[in-house]
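target.cif follows; it contains mmCIF, C-alpha atoms and all ligand atoms.
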```cif
data_data
#
loop_
_atom_site.group_PDB
_atom_site.id
_atom_site.type_symbol
_atom_site.label_atom_id
_atom_site.label_comp_id
_atom_site.auth_asym_id
_atom_site.auth_seq_id
_atom_site.Cartn_x
_atom_site.Cartn_y
_atom_site.Cartn_z
ATOM 1 C CA MET A 56 -49.679 -32.085 -111.512
ATOM 2 C CA THR A 57 -52.161 -34.651 -110.325
ATOM 3 C CA VAL A 58 -51.419 -38.283 -110.956
ATOM 4 C CA LEU A 59 -54.183 -40.040 -112.910
ATOM 5 C CA TYR A 60 -55.127 -43.491 -111.622
ATOM 6 C CA ASP A 61 -57.355 -45.998 -113.401
ATOM 7 C CA LEU A 62 -57.486 -49.183 -111.373
ATOM 8 C CA HIS A 63 -60.293 -51.132 -113.078
ATOM 9 C CA THR A 64 -60.083 -52.065 -116.776
ATOM 10 C CA HIS A 65 -60.669 -55.071 -119.052
ATOM 11 C CA SER A 66 -58.957 -56.547 -122.106
ATOM 12 C CA THR A 67 -59.561 -59.410 -124.546
ATOM 13 C CA ALA A 68 -58.170 -61.716 -121.840
ATOM 14 C CA SER A 69 -61.757 -61.530 -120.469
ATOM 15 C CA ASP A 70 -64.659 -59.472 -121.871
ATOM 16 C CA GLY A 71 -62.877 -56.307 -122.996
ATOM 17 C CA THR A 72 -62.573 -55.640 -126.724
ATOM 18 C CA LEU A 73 -58.994 -54.271 -126.808
ATOM 19 C CA THR A 74 -55.901 -56.439 -126.484
ATOM 20 C CA PRO A 75 -53.779 -55.679 -123.391
ATOM 21 C CA THR A 76 -51.308 -53.817 -125.642
ATOM 22 C CA ALA A 77 -54.034 -51.723 -127.283
ATOM 23 C CA LEU A 78 -55.617 -50.993 -123.899
ATOM 24 C CA VAL A 79 -52.318 -49.702 -122.510
ATOM 25 C CA ALA A 80 -51.832 -47.527 -125.619
ATOM 26 C CA CYS A 81 -55.323 -46.026 -125.118
ATOM 27 C CA ALA A 82 -54.642 -45.439 -121.432
ATOM 28 C CA ALA A 83 -51.362 -43.667 -122.207
ATOM 29 C CA GLU A 84 -53.190 -41.578 -124.824
ATOM 30 C CA ALA A 85 -55.851 -40.664 -122.252
ATOM 31 C CA GLY A 86 -53.140 -39.458 -119.845
ATOM 32 C CA VAL A 87 -53.416 -42.306 -117.343
ATOM 33 C CA ASP A 88 -50.263 -42.438 -115.171
ATOM 34 C CA VAL A 89 -51.044 -45.578 -113.174
ATOM 35 C CA LEU A 90 -53.066 -48.384 -114.755
ATOM 36 C CA ALA A 91 -54.353 -51.707 -113.454
ATOM 37 C CA LEU A 92 -55.701 -54.398 -115.784
ATOM 38 C CA THR A 93 -58.435 -56.244 -113.875
ATOM 39 C CA ASP A 94 -59.854 -58.939 -116.127
ATOM 40 C CA HIS A 95 -62.610 -61.221 -114.816
ATOM 41 C CA ASP A 96 -61.211 -64.329 -113.080
ATOM 42 C CA THR A 97 -57.938 -64.383 -115.039
ATOM 43 C CA THR A 98 -54.448 -62.870 -114.937
ATOM 44 C CA GLU A 99 -53.749 -63.991 -118.500
ATOM 45 C CA GLY A 100 -53.373 -60.445 -119.908
ATOM 46 C CA LEU A 101 -51.026 -59.083 -117.237
ATOM 47 C CA ALA A 102 -47.672 -60.018 -118.749
ATOM 48 C CA GLU A 103 -48.506 -58.414 -122.084
ATOM 49 C CA ALA A 104 -49.948 -55.302 -120.410
ATOM 50 C CA ALA A 105 -46.919 -54.943 -118.127
ATOM 51 C CA SER A 106 -44.462 -54.913 -120.996
ATOM 52 C CA ALA A 107 -46.644 -52.554 -123.049
ATOM 53 C CA ALA A 108 -46.832 -50.208 -120.046
ATOM 54 C CA GLN A 109 -43.075 -50.266 -119.654
ATOM 55 C CA GLU A 110 -42.736 -49.302 -123.288
ATOM 56 C CA LYS A 111 -45.239 -46.444 -122.925
ATOM 57 C CA GLY A 112 -43.675 -45.254 -119.665
ATOM 58 C CA ILE A 113 -46.785 -45.651 -117.536
ATOM 59 C CA ARG A 114 -46.935 -47.446 -114.197
ATOM 60 C CA PHE A 115 -48.648 -50.801 -114.262
ATOM 61 C CA ILE A 116 -50.362 -52.523 -111.338
ATOM 62 C CA THR A 117 -51.342 -56.192 -111.536
ATOM 63 C CA GLY A 118 -55.080 -56.729 -111.171
ATOM 64 C CA VAL A 119 -57.989 -59.147 -111.365
ATOM 65 C CA GLU A 120 -61.769 -58.904 -110.823
ATOM 66 C CA ILE A 121 -62.954 -61.985 -108.959
ATOM 67 C CA SER A 122 -66.566 -63.191 -109.241
ATOM 68 C CA VAL A 123 -67.971 -63.876 -105.768
ATOM 69 C CA THR A 124 -71.320 -65.179 -104.577
ATOM 70 C CA TRP A 125 -72.492 -63.385 -101.452
ATOM 71 C CA GLY A 126 -75.955 -63.123 -99.946
ATOM 72 C CA GLY A 127 -77.459 -64.885 -102.958
ATOM 73 C CA GLN A 128 -76.002 -62.312 -105.342
ATOM 74 C CA VAL A 129 -72.900 -61.899 -107.495
ATOM 75 C CA VAL A 130 -70.404 -59.395 -106.133
ATOM 76 C CA HIS A 131 -67.107 -58.413 -107.757
ATOM 77 C CA ILE A 132 -63.863 -58.132 -105.788
ATOM 78 C CA VAL A 133 -60.929 -56.407 -107.463
ATOM 79 C CA GLY A 134 -57.434 -57.492 -106.448
ATOM 80 C CA LEU A 135 -54.511 -55.101 -106.971
ATOM 81 C CA GLY A 136 -50.733 -55.336 -106.718
ATOM 82 C CA PHE A 137 -50.473 -59.095 -106.071
ATOM 83 C CA ASP A 138 -48.001 -61.656 -107.343
ATOM 84 C CA PRO A 139 -49.687 -63.349 -110.321
ATOM 85 C CA ALA A 140 -47.507 -66.443 -109.802
ATOM 86 C CA ASP A 141 -49.218 -67.241 -106.478
ATOM 87 C CA SER A 142 -50.491 -70.813 -106.741
ATOM 88 C CA THR A 143 -53.452 -70.566 -104.340
ATOM 89 C CA LEU A 144 -54.797 -67.553 -106.216
ATOM 90 C CA GLN A 145 -54.271 -69.284 -109.548
ATOM 91 C CA ALA A 146 -55.989 -72.483 -108.371
ATOM 92 C CA GLY A 147 -58.962 -70.429 -107.189
ATOM 93 C CA LEU A 148 -59.224 -68.568 -110.489
ATOM 94 C CA ALA A 149 -58.871 -71.809 -112.467
ATOM 95 C CA ARG A 150 -61.913 -73.222 -110.634
ATOM 96 C CA LEU A 151 -63.949 -70.133 -111.537
ATOM 97 C CA ARG A 152 -62.965 -70.463 -115.201
ATOM 98 C CA GLU A 153 -64.013 -74.119 -115.193
ATOM 99 C CA PHE A 154 -67.401 -73.032 -113.936
ATOM 100 C CA ARG A 155 -67.505 -70.388 -116.694
ATOM 101 C CA ASN A 156 -66.862 -73.043 -119.362
ATOM 102 C CA TRP A 157 -69.614 -75.292 -118.038
ATOM 103 C CA ARG A 158 -71.984 -72.329 -117.649
ATOM 104 C CA ALA A 159 -71.334 -71.182 -121.235
ATOM 105 C CA GLN A 160 -72.432 -74.580 -122.596
ATOM 106 C CA GLU A 161 -75.469 -74.501 -120.321
ATOM 107 C CA ILE A 162 -76.400 -70.989 -121.522
ATOM 108 C CA GLY A 163 -76.155 -72.295 -125.096
ATOM 109 C CA ILE A 164 -78.465 -75.233 -124.296
ATOM 110 C CA ARG A 165 -81.017 -72.993 -122.606
ATOM 111 C CA LEU A 166 -81.027 -70.426 -125.418
ATOM 112 C CA ALA A 167 -81.442 -73.252 -127.957
ATOM 113 C CA LYS A 168 -84.663 -74.200 -126.134
ATOM 114 C CA HIS A 169 -85.795 -70.662 -126.926
ATOM 115 C CA GLN A 170 -85.134 -71.085 -130.651
ATOM 116 C CA ILE A 171 -81.782 -69.315 -130.521
ATOM 117 C CA THR A 172 -79.299 -71.644 -132.142
ATOM 118 C CA GLY A 173 -75.523 -71.471 -132.284
ATOM 119 C CA ALA A 174 -75.190 -69.105 -129.331
ATOM 120 C CA TYR A 175 -72.520 -71.159 -127.567
ATOM 121 C CA GLU A 176 -70.441 -71.474 -130.740
ATOM 122 C CA GLY A 177 -70.976 -67.795 -131.547
ATOM 123 C CA ALA A 178 -69.996 -66.592 -128.081
ATOM 124 C CA LYS A 179 -67.023 -68.962 -128.025
ATOM 125 C CA ALA A 180 -65.788 -67.582 -131.363
ATOM 126 C CA LEU A 181 -66.094 -64.019 -130.037
ATOM 127 C CA SER A 182 -64.054 -64.963 -126.954
ATOM 128 C CA ASN A 183 -61.182 -66.061 -129.210
ATOM 129 C CA GLY A 184 -60.560 -69.142 -127.105
ATOM 130 C CA ARG A 185 -59.927 -67.047 -124.007
ATOM 131 C CA LEU A 186 -62.182 -66.585 -121.005
ATOM 132 C CA ILE A 187 -65.890 -66.768 -121.866
ATOM 133 C CA SER A 188 -68.355 -64.325 -120.354
ATOM 134 C CA ARG A 189 -71.996 -63.358 -120.635
ATOM 135 C CA SER A 190 -70.687 -60.309 -122.538
ATOM 136 C CA HIS A 191 -69.697 -62.628 -125.413
ATOM 137 C CA PHE A 192 -73.229 -64.060 -125.508
ATOM 138 C CA ALA A 193 -74.619 -60.527 -125.399
ATOM 139 C CA ARG A 194 -72.498 -59.467 -128.379
ATOM 140 C CA PHE A 195 -73.528 -62.571 -130.316
ATOM 141 C CA LEU A 196 -77.225 -61.932 -129.617
ATOM 142 C CA VAL A 197 -77.029 -58.252 -130.584
ATOM 143 C CA ALA A 198 -75.028 -59.035 -133.746
ATOM 144 C CA ASN A 199 -77.719 -61.544 -134.758
ATOM 145 C CA GLY A 200 -80.619 -59.214 -134.182
ATOM 146 C CA TYR A 201 -82.104 -60.792 -131.055
ATOM 147 C CA ALA A 202 -81.863 -57.474 -129.164
ATOM 148 C CA PRO A 203 -81.048 -53.891 -130.149
ATOM 149 C CA ASP A 204 -78.248 -53.134 -127.684
ATOM 150 C CA MET A 205 -76.112 -54.449 -124.819
ATOM 151 C CA ARG A 206 -78.312 -53.100 -122.051
ATOM 152 C CA LYS A 207 -81.471 -54.617 -123.509
ATOM 153 C CA VAL A 208 -79.892 -57.960 -124.345
ATOM 154 C CA PHE A 209 -78.867 -58.478 -120.722
ATOM 155 C CA LYS A 210 -82.321 -57.503 -119.541
ATOM 156 C CA GLN A 211 -84.117 -59.796 -122.002
ATOM 157 C CA PHE A 212 -81.883 -62.849 -121.993
ATOM 158 C CA LEU A 213 -79.043 -62.937 -119.528
ATOM 159 C CA THR A 214 -80.214 -61.821 -116.105
ATOM 160 C CA GLN A 215 -82.005 -63.709 -113.342
ATOM 161 C CA GLY A 216 -85.254 -65.295 -114.483
ATOM 162 C CA LYS A 217 -84.427 -64.929 -118.185
ATOM 163 C CA PRO A 218 -83.829 -67.783 -120.682
ATOM 164 C CA GLY A 219 -80.038 -67.493 -120.796
ATOM 165 C CA HIS A 220 -79.437 -67.044 -117.080
ATOM 166 C CA VAL A 221 -77.630 -69.794 -115.193
ATOM 167 C CA ALA A 222 -77.131 -69.371 -111.453
ATOM 168 C CA GLY A 223 -73.964 -70.680 -109.907
ATOM 169 C CA GLU A 224 -71.551 -70.698 -107.060
ATOM 170 C CA TRP A 225 -68.659 -68.335 -107.602
ATOM 171 C CA ALA A 226 -65.927 -67.747 -104.994
ATOM 172 C CA ASP A 227 -66.648 -67.173 -101.329
ATOM 173 C CA LEU A 228 -66.111 -63.540 -100.207
ATOM 174 C CA ALA A 229 -63.573 -64.263 -97.463
ATOM 175 C CA GLN A 230 -61.808 -66.733 -99.740
ATOM 176 C CA ALA A 231 -61.372 -64.196 -102.547
ATOM 177 C CA VAL A 232 -60.020 -61.620 -100.093
ATOM 178 C CA SER A 233 -57.571 -64.135 -98.659
ATOM 179 C CA TRP A 234 -56.317 -65.312 -102.091
ATOM 180 C CA ILE A 235 -55.466 -61.684 -102.910
ATOM 181 C CA LYS A 236 -53.923 -60.985 -99.499
ATOM 182 C CA GLU A 237 -51.835 -64.183 -99.513
ATOM 183 C CA ALA A 238 -50.540 -63.190 -102.941
ATOM 184 C CA GLY A 239 -49.392 -59.873 -101.448
ATOM 185 C CA GLY A 240 -52.154 -57.693 -102.890
ATOM 186 C CA GLN A 241 -54.983 -55.454 -101.752
ATOM 187 C CA SER A 242 -58.676 -56.087 -102.305
ATOM 188 C CA VAL A 243 -61.437 -53.718 -103.307
ATOM 189 C CA ILE A 244 -65.233 -54.094 -103.561
ATOM 190 C CA ALA A 245 -65.872 -53.187 -107.214
ATOM 191 C CA HIS A 246 -68.626 -50.687 -108.164
ATOM 192 C CA PRO A 247 -70.394 -50.975 -104.774
ATOM 193 C CA ALA A 248 -73.332 -48.791 -105.809
ATOM 194 C CA ARG A 249 -74.216 -51.140 -108.671
ATOM 195 C CA TYR A 250 -75.513 -54.082 -106.653
ATOM 196 C CA SER A 251 -79.272 -54.317 -106.255
ATOM 197 C CA MET A 252 -79.094 -54.290 -102.484
ATOM 198 C CA THR A 253 -80.703 -52.323 -99.738
ATOM 199 C CA ARG A 254 -78.411 -49.950 -97.851
ATOM 200 C CA THR A 255 -78.552 -52.358 -94.896
ATOM 201 C CA LYS A 256 -77.453 -55.325 -96.997
ATOM 202 C CA LEU A 257 -74.694 -53.311 -98.673
ATOM 203 C CA ARG A 258 -73.360 -52.272 -95.263
ATOM 204 C CA ARG A 259 -73.457 -55.911 -94.153
ATOM 205 C CA LEU A 260 -71.379 -56.801 -97.233
ATOM 206 C CA ILE A 261 -68.901 -54.009 -96.508
ATOM 207 C CA GLY A 262 -68.670 -55.084 -92.853
ATOM 208 C CA GLU A 263 -67.967 -58.718 -93.744
ATOM 209 C CA PHE A 264 -65.444 -57.649 -96.368
ATOM 210 C CA GLN A 265 -63.639 -55.463 -93.828
ATOM 211 C CA GLU A 266 -63.666 -58.286 -91.227
ATOM 212 C CA ALA A 267 -62.190 -60.640 -93.823
ATOM 213 C CA GLY A 268 -59.274 -58.248 -94.308
ATOM 214 C CA GLY A 269 -60.513 -56.255 -97.303
ATOM 215 C CA ASP A 270 -58.815 -52.942 -98.007
ATOM 216 C CA ALA A 271 -60.957 -50.563 -100.023
ATOM 217 C CA LEU A 272 -64.225 -49.627 -101.710
ATOM 218 C CA GLU A 273 -64.221 -48.559 -105.350
ATOM 219 C CA VAL A 274 -65.657 -45.167 -104.481
ATOM 220 C CA VAL A 275 -65.058 -43.675 -107.914
ATOM 221 C CA SER A 276 -66.389 -45.714 -110.843
ATOM 222 C CA SER A 277 -67.789 -44.726 -114.248
ATOM 223 C CA SER A 278 -70.990 -46.410 -113.169
ATOM 224 C CA HIS A 279 -71.399 -44.187 -110.086
ATOM 225 C CA SER A 280 -73.311 -40.909 -110.038
ATOM 226 C CA LYS A 281 -71.874 -37.938 -108.116
ATOM 227 C CA ASP A 282 -74.178 -38.720 -105.204
ATOM 228 C CA GLU A 283 -73.156 -42.374 -105.210
ATOM 229 C CA VAL A 284 -69.479 -41.371 -105.104
ATOM 230 C CA PHE A 285 -70.109 -39.441 -101.891
ATOM 231 C CA THR A 286 -72.343 -42.107 -100.370
ATOM 232 C CA MET A 287 -69.677 -44.754 -101.060
ATOM 233 C CA ALA A 288 -66.948 -42.482 -99.653
ATOM 234 C CA ARG A 289 -69.040 -42.203 -96.475
ATOM 235 C CA HIS A 290 -69.415 -46.005 -96.259
ATOM 236 C CA ALA A 291 -65.668 -46.457 -96.778
ATOM 237 C CA LYS A 292 -64.935 -43.984 -94.007
ATOM 238 C CA ASP A 293 -67.440 -45.649 -91.635
ATOM 239 C CA PHE A 294 -65.736 -49.016 -92.075
ATOM 240 C CA SER A 295 -62.160 -47.650 -92.034
ATOM 241 C CA LEU A 296 -61.639 -48.738 -95.609
ATOM 242 C CA MET A 297 -59.639 -46.862 -98.219
ATOM 243 C CA GLY A 298 -61.028 -45.660 -101.540
ATOM 244 C CA SER A 299 -60.167 -46.799 -105.057
ATOM 245 C CA ALA A 300 -60.953 -45.418 -108.506
ATOM 246 C CA GLY A 301 -61.502 -47.225 -111.787
ATOM 247 C CA SER A 302 -63.365 -46.757 -115.051
ATOM 248 C CA ASP A 303 -64.370 -50.415 -115.625
ATOM 249 C CA TYR A 304 -63.448 -49.739 -119.246
ATOM 250 C CA HIS A 305 -64.313 -52.619 -121.621
ATOM 251 C CA GLY A 306 -63.340 -50.941 -124.911
ATOM 252 C CA PRO A 307 -64.400 -48.070 -127.175
ATOM 253 C CA GLU A 308 -67.874 -49.624 -127.730
ATOM 254 C CA THR A 309 -68.926 -48.732 -124.196
ATOM 255 C CA PRO A 310 -68.782 -44.927 -124.201
ATOM 256 C CA TRP A 311 -70.162 -44.572 -120.646
ATOM 257 C CA ALA A 312 -66.915 -45.901 -119.213
ATOM 258 C CA ASN A 313 -63.987 -43.842 -120.368
ATOM 259 C CA LEU A 314 -60.406 -44.713 -119.575
ATOM 260 C CA GLY A 315 -58.904 -42.296 -117.112
ATOM 261 C CA ARG A 316 -61.933 -39.960 -117.200
ATOM 262 C CA LEU A 317 -62.763 -40.224 -113.551
ATOM 263 C CA SER A 318 -63.867 -37.761 -110.918
ATOM 264 C CA ALA A 319 -61.586 -37.114 -107.961
ATOM 265 C CA LEU A 320 -61.699 -39.282 -104.867
ATOM 266 C CA PRO A 321 -63.466 -37.292 -102.110
ATOM 267 C CA ASP A 322 -61.062 -35.939 -99.483
ATOM 268 C CA LEU A 323 -62.669 -37.877 -96.669
ATOM 269 C CA VAL A 324 -61.266 -41.204 -97.895
ATOM 270 C CA ILE A 325 -57.665 -42.353 -97.957
ATOM 271 C CA PRO A 326 -56.715 -43.381 -101.490
ATOM 272 C CA ILE A 327 -55.648 -47.010 -101.801
ATOM 273 C CA TRP A 328 -52.439 -45.779 -103.445
ATOM 274 C CA ARG A 329 -51.468 -43.607 -100.425
ATOM 275 C CA ASN A 330 -48.696 -45.950 -99.330
ATOM 276 C CA TRP A 331 -47.806 -47.464 -102.654
ATOM 277 C CA SER A 332 -44.119 -47.632 -103.202
ATOM 278 C CA VAL A 333 -42.023 -49.037 -106.010
ATOM 279 C CA GLU A 334 -42.562 -52.538 -104.606
ATOM 280 C CA THR A 335 -46.257 -52.403 -105.469
ATOM 281 C CA GLU A 336 -45.283 -51.855 -109.069
ATOM 282 C CA ALA A 337 -45.448 -55.053 -110.994
ATOM 283 C CA GLU A 338 -42.254 -56.543 -112.248
ATOM 284 C CA PRO A 339 -42.629 -57.370 -115.911
ATOM 285 C CA VAL A 340 -44.108 -60.859 -115.623
HETATM 286 P P1 LIG B 1 -70.178 -62.710 -116.398
HETATM 287 O O1 LIG B 1 -69.075 -62.373 -115.427
HETATM 288 O O2 LIG B 1 -69.715 -63.634 -117.477
HETATM 289 O O3 LIG B 1 -71.436 -63.168 -115.738
HETATM 290 O O4 LIG B 1 -70.519 -61.383 -117.189
HETATM 291 C C1 LIG B 1 -70.727 -60.189 -116.508
HETATM 292 C C2 LIG B 1 -70.290 -59.037 -117.405
HETATM 293 O O5 LIG B 1 -71.339 -58.670 -118.252
HETATM 294 C C3 LIG B 1 -69.973 -57.796 -116.600
HETATM 295 O O6 LIG B 1 -68.629 -57.784 -116.235
HETATM 296 C C4 LIG B 1 -70.261 -56.684 -117.578
HETATM 297 O O7 LIG B 1 -69.129 -56.437 -118.387
HETATM 298 C C5 LIG B 1 -71.336 -57.257 -118.449
HETATM 299 N N1 LIG B 1 -72.680 -56.772 -118.078
HETATM 300 C C6 LIG B 1 -73.449 -57.180 -117.068
HETATM 301 N N2 LIG B 1 -74.640 -56.535 -117.080
HETATM 302 C C7 LIG B 1 -74.601 -55.710 -118.137
HETATM 303 C C8 LIG B 1 -75.520 -54.763 -118.713
HETATM 304 N N3 LIG B 1 -76.724 -54.573 -118.182
HETATM 305 N N4 LIG B 1 -75.122 -54.100 -119.817
HETATM 306 C C9 LIG B 1 -73.924 -54.307 -120.355
HETATM 307 N N5 LIG B 1 -73.020 -55.160 -119.874
HETATM 308 C C10 LIG B 1 -73.345 -55.851 -118.778
HETATM 309 MN MN MN B 2 -67.169 -57.271 -117.747
HETATM 310 MN MN MN B 3 -67.758 -55.874 -112.296
HETATM 311 MN MN MN B 4 -65.115 -54.822 -114.366
#
```

In structure tokens, what does this structure look like?
Ligand code: AMP
Ligand code: MN
Ligand code: MN
Ligand code: MN
Amino acid sequence: MTVLYDLHTHSTASDGTLTPTALVACAAEAGVDVLALTDHDTTEGLAEAASAAQEKGIRFITGVEISVTWGGQVVHIVGLGFDPADSTLQAGLARLREFRNWRAQEIGIRLAKHQITGAYEGAKALSNGRLISRSHFARFLVANGYAPDMRKVFKQFLTQGKPGHVAGEWADLAQAVSWIKEAGGQSVIAHPARYSMTRTKLRRLIGEFQEAGGDALEVVSSSHSKDEVFTMARHAKDFSLMGSAGSDYHGPETPWANLGRLSALPDLVIPIWRNWSVETEAEPV
């Protein structure tokens, strides 16, 4: 039987809508054998997910999705199988969360100038006092009738050039890779086909990532078409990187990303889990 891997998921510790426990239950239900929780810029949900996974008898891999600024754009780097107690990693993530808190207030101020009041408070309430993300603003705006759905709300309010967009400096690419490596983990460029980049720029990103010690490309992602899966597999191969697979599941409200429902990794790439042994498995934290 094939082992089902899902190495990119979110919980209420960042912008997912299921608690870590509920996410693990859904993953087990969906037949996932090996699950990583990769919340944005926080490892807060890992302990709960690890114990839930132990209970459900599925393998759990520690994870995080780090926000990086590269080439004037935001790029996401997934870290897998690291020690969440690592202090350099935690200090780096804490800085990113501080920026998130400041940015959230700034988004609120800017939306208020566009006659949208209470957005900061609304988004903050939806984040339940945990990490705050543009997704929380998006949900607030949709719930209050400012836009019909998540896709449109981002397009109208929360992306570059729009009223609720605030640019900022996230982590440096090489820095994010080194935090993960120093903490004993492996790093992956998340959903590489989703960046608005030319092929040349994407290959420059992959080259710099590889030079910095990066390990893999997320070849299989819910957001990738069949063609993109093969193109990304080709890029991974060209740069001697391994391939990873993850749904980027944020909860049942986002039906395009389904837990564990992923296509197979093309044969030409080495799966990131090829040499995983028991040591990569997270100890209950
Ligand atoms: P942040 O990291 O706070 O800037 O928020 C980025 C998050 O917003 C991503 O991780 C996605 O979950 C979500 N997101 C970004 N763009 C879109 C979109 N067009 N539609 C739905 N969700 C989006
Ligand atoms: Mn997200
Ligand atoms: Mn992402
Ligand atoms: Mn993600």

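With distances taken over only C-alpha atoms and all ligand atoms, A:Glu120 is the one residue among A:Glu120, A:Asp322, A:Glu84, A:Glu266 lying closest to ligand MN 3 (chain B).
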
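From atom CA of Ser242 of chain A back to atom CA of Gly269 of chain A, the distance works out to 5.3 Å.
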
Within 9 Å of ligand MN 2 (chain B) (counting all atoms listed in the file), which residues show up? I'd like them as a compact mmCIF listing (two decimals) with C-alpha atoms, keeping the file's coordinate frame.
```
# COMPACT_ATOMS: atom_id res chain seq x y z
CA THR A 64 -60.08 -52.06 -116.78
CA HIS A 65 -60.67 -55.07 -119.05
CA SER A 69 -61.76 -61.53 -120.47
CA ASP A 70 -64.66 -59.47 -121.87
CA GLY A 71 -62.88 -56.31 -123.00
CA ASP A 94 -59.85 -58.94 -116.13
CA HIS A 95 -62.61 -61.22 -114.82
CA GLU A 120 -61.77 -58.90 -110.82
CA SER A 188 -68.36 -64.32 -120.35
CA ARG A 189 -72.00 -63.36 -120.64
CA SER A 190 -70.69 -60.31 -122.54
CA ASP A 303 -64.37 -50.42 -115.62
CA TYR A 304 -63.45 -49.74 -119.25
CA HIS A 305 -64.31 -52.62 -121.62
```

Check which residues satisfy the PyMOL selection byres (((chain A and resi 97-111) around 9) and not hetatm) in the file shown, then give them as a VMD selection string. chain A and resid 66 to 69 74 to 80 83 90 to 96 112 to 121 139 145 148 to 149 152 185 to 186 337 to 340

With the PyMOL selection byres (((not hetatm)) within 7 of (chain B and resi 3)) as the selection, what would be picked from this file? Answer as a PyMOL selection string, please. chain A and resi 120+131+245-246

For the residues in that selection, give me C-alpha atoms as a tab-separated table (two decimals), keeping the file's coordinate frame.
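Dumped everything to selection-v9.tsv:
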```tsv
chain	number	residue	atom	x	y	z
A	120	GLU	CA	-61.77	-58.90	-110.82
A	131	HIS	CA	-67.11	-58.41	-107.76
A	245	ALA	CA	-65.87	-53.19	-107.21
A	246	HIS	CA	-68.63	-50.69	-108.16
```

Could you state which residues are captured by the PyMOL selection byres (((chain A and resi 135) around 6) and not hetatm) in this file, as a list in words?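 Answer for the PyMOL selection byres (((chain A and resi 135) around 6) and not hetatm): Thr117, Gly118, Gly134, Gly136, Phe137, Gly240 and Gln241 of chain A.
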
Restrict the selected residues to C-alpha atoms and save them as a CSV table (one decimal), keeping the file's coordinate frame.
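Result file part.csv:
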```
chain,number,residue,atom,x,y,z
A,117,THR,CA,-51.3,-56.2,-111.5
A,118,GLY,CA,-55.1,-56.7,-111.2
A,134,GLY,CA,-57.4,-57.5,-106.4
A,136,GLY,CA,-50.7,-55.3,-106.7
A,137,PHE,CA,-50.5,-59.1,-106.1
A,240,GLY,CA,-52.2,-57.7,-102.9
A,241,GLN,CA,-55.0,-55.5,-101.8
```

So which residues touch Ala226 of chain A within 9 Å, counting all atoms listed in the file, skipping near sequence neighbours fewer than 4 positions away, as a PyMOL selection string? chain A and resi 121-125+147-148+150-151+230-231

Interatomic distance between atom CA of Gly315 of chain A and atom CA of Leu59 of chain A?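 Those two atoms sit 6.7 Å apart.
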
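In this comparison, which uses all atoms listed in the file, the residue of A:Ile171, A:Thr309, A:Lys217, A:Ala180 approaching Gly200 of chain A most closely is A:Ile171.
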
Could you jot down the atom CA of Gly298 of chain A to atom CA of Ala319 of chain A separation for me, Å, one decimal place?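 Value for the atom CA of Gly298 of chain A-atom CA of Ala319 of chain A distance: 10.7 Å.
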
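Using all atoms listed in the file, the nearest neighbour of ligand MN 4 (chain B) within the list A:Asp61, A:Asp204, A:Asp293, A:Glu161 is A:Asp61.
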
Considering only C-alpha atoms, state which residue in the set A:Trp331, A:Phe294, A:Trp311, A:Phe195 is at the smallest distance from Arg258 of chain A.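 Using only C-alpha atoms, the shortest distance to Arg258 of chain A belongs to A:Phe294.
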